[in-house]
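Asker: Supplied in structure tokens, the structure appears directly below.
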Amino acid sequence: MRIGFLFNHDQVHQVAHSLPIALALARGGRDLEIVVATTNRRLTAEVIRLGGGLIGHGVSLIELGLTKRSSKLLAATAEAVLPATKLLVYSDNLDFFRSLDILVVAEKTSLILKTRYGLKDLKIVHTRHGAGDRAIGFDKASAGFDHVLVSGRKIRDRLVHETGVAPEKISIVGYPKFDLLPGKATTHPLLDDGRPVVLYNPHVSPHLSSWYEAGRQVLDWFVEHDDHNLIFAPHVMLFERPFVATIDKLRLDRAGRIEERYLRAPNIHIDLGSRASTTMAYTQRADLYLGDVSSQVYEFLLKPRPCVFLNSHRFAWTGDPNFGHWRTGPVIEDVADLGAAMSRSRQEHEAVWRPVQEALFDESFDLTDEPSAERAARAVAKFAGQAWPDPPAAVVRDAARTGTGAF
């Protein structure tokens, strides 16, 4: 039985969502061949870094690339706007994908192997990446997978009711990324000087993100209010290309450049896409989360703290499950209201917001004493028709909240 794990993206943010499952399968010692495939050097380096010595010793690693001259020419022409390489890598490596019995992926692009290239016998398992609420996470494409691993009952229920995924095709496994949390607090460049630390984490999608309409106003607010420290760590793809294109609602925009006054502000730390943006270092460090629709808010809520959300598009969001996380803190439409909203979120946190945060977290993450990656490995093995032992009767640690991982 040959099981492949594919990482096909410009950035490394999806690796932590499914690589732990590959490692757990390899440690299980079953009659499974585990192959991890990457599509660039950045991804390869991240897989090796997190692999814990198993890469090359229980887990094979292959780097896929473009092999056709026409593909290379098209990628060189279109890459500034569209993820051409990400799409073309499938057609250029069909022999590799045909060699697999099961392919495990964290995104949906891989379904092209079934819908366009006719690999009907290849079973594809979706791990998802994040536990967010955005509509694109619950579109009809989700029903194209042979099996789906989800973090909690919120995801399962929406997949069943909104996308038509059969309940028997879903396994609730927790959140393997939480297994990688370090056992002690992560150090961070901002000094612990007593000033509150705010994480501003805007999403990349132009039709949802607060960055394009209000982001620089947010940075200006913190330049003028240096009694706060700010971590500006947007979605890692916001500044990855000169232009941002989205397909769920067709739109093209550009993030622009970061002006010197922000780069020089001593109370602002800017990270436009380093590895630290993917390791939960910032969601652990911050005292308050400021964002819009990113699923990182749920990682922040591993430890409940104040939140504020920017509704710069003026959505009628109340009661809309795609904005369910906006129930965890004040929602504002104007950056002029930011100071008051942050004060309110702090003052009302214990009485108003914390109970909501805890309830939504528990709906989003089904965490047990068994590490989530091992639960996911058991689900994949079962899907593959392989025996896998039940968890020990007594497991002494909670995988998410104490962590012994490699971040």
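Going by the structure tokens order, chains are called A, B, ..., each with residues numbered from 1, while ligands are numbered from 1 in the order shown.
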What's the 7 Å shell around Ser71 (chain A), counting only C-alpha atoms, without same-chain residues fewer than 4 positions away, as a ChimeraX atom specification?

Answerer: /A:66,75,88

Asker: Keeping only all heavy atoms, write those residues as a tab-separated table (two decimals), in the first residue's frame.

Answerer:
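In the end it all went to out39.tsv:
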```tsv
chain	number	residue	atom	x	y	z
A	66	LEU	N	8.32	20.84	-12.85
A	66	LEU	CA	7.78	20.89	-14.20
A	66	LEU	C	8.77	20.24	-15.15
A	66	LEU	O	9.96	20.55	-15.14
A	66	LEU	CB	7.52	22.34	-14.62
A	66	LEU	CG	6.54	23.12	-13.74
A	66	LEU	CD1	6.30	24.52	-14.30
A	66	LEU	CD2	5.21	22.39	-13.60
A	75	ALA	N	4.45	28.81	-17.00
A	75	ALA	CA	4.65	29.20	-15.61
A	75	ALA	C	5.45	30.50	-15.54
A	75	ALA	O	5.14	31.39	-14.74
A	75	ALA	CB	5.37	28.09	-14.85
A	88	LEU	N	0.19	23.17	-13.03
A	88	LEU	CA	0.86	22.40	-14.08
A	88	LEU	C	1.62	21.20	-13.54
A	88	LEU	O	1.89	20.25	-14.28
A	88	LEU	CB	1.81	23.32	-14.85
A	88	LEU	CG	1.14	24.42	-15.67
A	88	LEU	CD1	2.17	25.46	-16.09
A	88	LEU	CD2	0.44	23.83	-16.89
```

Asker: Identify all residues of region 167-313 of chain A in alpha helix (DSSP H) (DSSP on the backbone) and supply them as a list of chain:residue names.

Answerer: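 Of region 167-313 of chain A, the ones in alpha helix (DSSP H) are A:Arg216, A:Gln217, A:Val218, A:Leu219, A:Asp220, A:Trp221, A:Phe222, A:Val223, A:Glu224, A:Glu260, A:Arg261, A:Tyr262, A:Leu263, A:Ala281, A:Tyr282, A:Thr283, A:Gln284, A:Arg285, A:Gln296, A:Val297, A:Tyr298, A:Glu299, A:Phe300.
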
Asker: Show me, as a PyMOL selection string, the residues that have an atom within 8 Å of region 154-159 of chain A when counting only C-alpha atoms, minus same-chain residues fewer than 5 positions from it.

Answerer: chain A and resi 131+138+142+164-165+167+170+172+363-364

Asker: Among region 287-331 of chain A, which residues carry a DSSP assignment of strand (DSSP E or B), reported as a list in words?

Answerer: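 Of region 287-331 of chain A, only Leu288, Tyr289, Leu290, Gly291, Cys307, Val308, Phe309, Leu310 and Val331 of chain A fall in strand (DSSP E or B).
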
Asker: Find, counting only C-alpha atoms, the residue in A:Val81, A:Leu64, A:Leu252, A:Ala281 that gets nearest to Asn93 (chain A).

Answerer: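 With only C-alpha atoms as the atom set, the closest residue is A:Leu64.
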
Asker: Quick check, in Å to one decimal: how far apart do CA of His17 (chain A) and CA of Ile48 (chain A) lie?

Answerer: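 For CA of His17 (chain A) relative to CA of Ile48 (chain A), the distance reads 14.9 Å.
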
Asker: Output as CSV one row per residue of region 92-200 of chain A within 7 Å of region 232-248 of chain A: the closest atom pair and its distance in Å to one decimal place, counting only C-alpha atoms, sorted by chain and residue number ascending.

Answerer:
```
residue,atom,partner,partner_atom,distance
A:Ile136,CA,A:Asp248,CA,6.6
A:Leu199,CA,A:Phe232,CA,6.1
A:Tyr200,CA,A:Phe232,CA,5.0
```

Asker: Can you write just those residues out, all heavy atoms, as a PDB file, in the first residue's frame?

Answerer:
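Just written: part_9.pdb:
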```pdb
ATOM      1  N   ILE A 136     -15.606  29.181   1.366  1.00  0.00           N
ATOM      2  CA  ILE A 136     -14.849  28.358   0.427  1.00  0.00           C
ATOM      3  C   ILE A 136     -14.438  27.033   1.052  1.00  0.00           C
ATOM      4  O   ILE A 136     -14.199  26.045   0.352  1.00  0.00           O
ATOM      5  CB  ILE A 136     -13.616  29.129  -0.088  1.00  0.00           C
ATOM      6  CG1 ILE A 136     -13.027  28.419  -1.314  1.00  0.00           C
ATOM      7  CG2 ILE A 136     -12.582  29.307   1.018  1.00  0.00           C
ATOM      8  CD1 ILE A 136     -11.927  29.189  -2.007  1.00  0.00           C
ATOM      9  N   LEU A 199      -1.869  41.279  17.720  1.00  0.00           N
ATOM     10  CA  LEU A 199      -1.567  40.611  16.462  1.00  0.00           C
ATOM     11  C   LEU A 199      -2.595  41.044  15.427  1.00  0.00           C
ATOM     12  O   LEU A 199      -3.790  40.796  15.585  1.00  0.00           O
ATOM     13  CB  LEU A 199      -1.623  39.092  16.641  1.00  0.00           C
ATOM     14  CG  LEU A 199      -1.582  38.252  15.349  1.00  0.00           C
ATOM     15  CD1 LEU A 199      -0.287  38.483  14.578  1.00  0.00           C
ATOM     16  CD2 LEU A 199      -1.777  36.761  15.669  1.00  0.00           C
ATOM     17  N   TYR A 200      -2.135  41.712  14.351  1.00  0.00           N
ATOM     18  CA  TYR A 200      -3.015  42.047  13.225  1.00  0.00           C
ATOM     19  C   TYR A 200      -2.740  41.030  12.120  1.00  0.00           C
ATOM     20  O   TYR A 200      -1.647  40.965  11.572  1.00  0.00           O
ATOM     21  CB  TYR A 200      -2.762  43.466  12.740  1.00  0.00           C
ATOM     22  CG  TYR A 200      -3.597  43.859  11.530  1.00  0.00           C
ATOM     23  CD1 TYR A 200      -4.927  43.444  11.393  1.00  0.00           C
ATOM     24  CD2 TYR A 200      -3.067  44.672  10.515  1.00  0.00           C
ATOM     25  CE1 TYR A 200      -5.694  43.804  10.296  1.00  0.00           C
ATOM     26  CE2 TYR A 200      -3.830  45.049   9.427  1.00  0.00           C
ATOM     27  CZ  TYR A 200      -5.135  44.610   9.311  1.00  0.00           C
ATOM     28  OH  TYR A 200      -5.895  44.968   8.212  1.00  0.00           O
TER      29      TYR A 200
END
```

Asker: Using only C-alpha atoms, pick whichever of A:His225, A:His203, A:Arg314, A:Arg153 has the shortest atom-to-atom distance to Leu360 (chain A).

Answerer: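 Under the stated criterion, the closest residue is A:Arg153.
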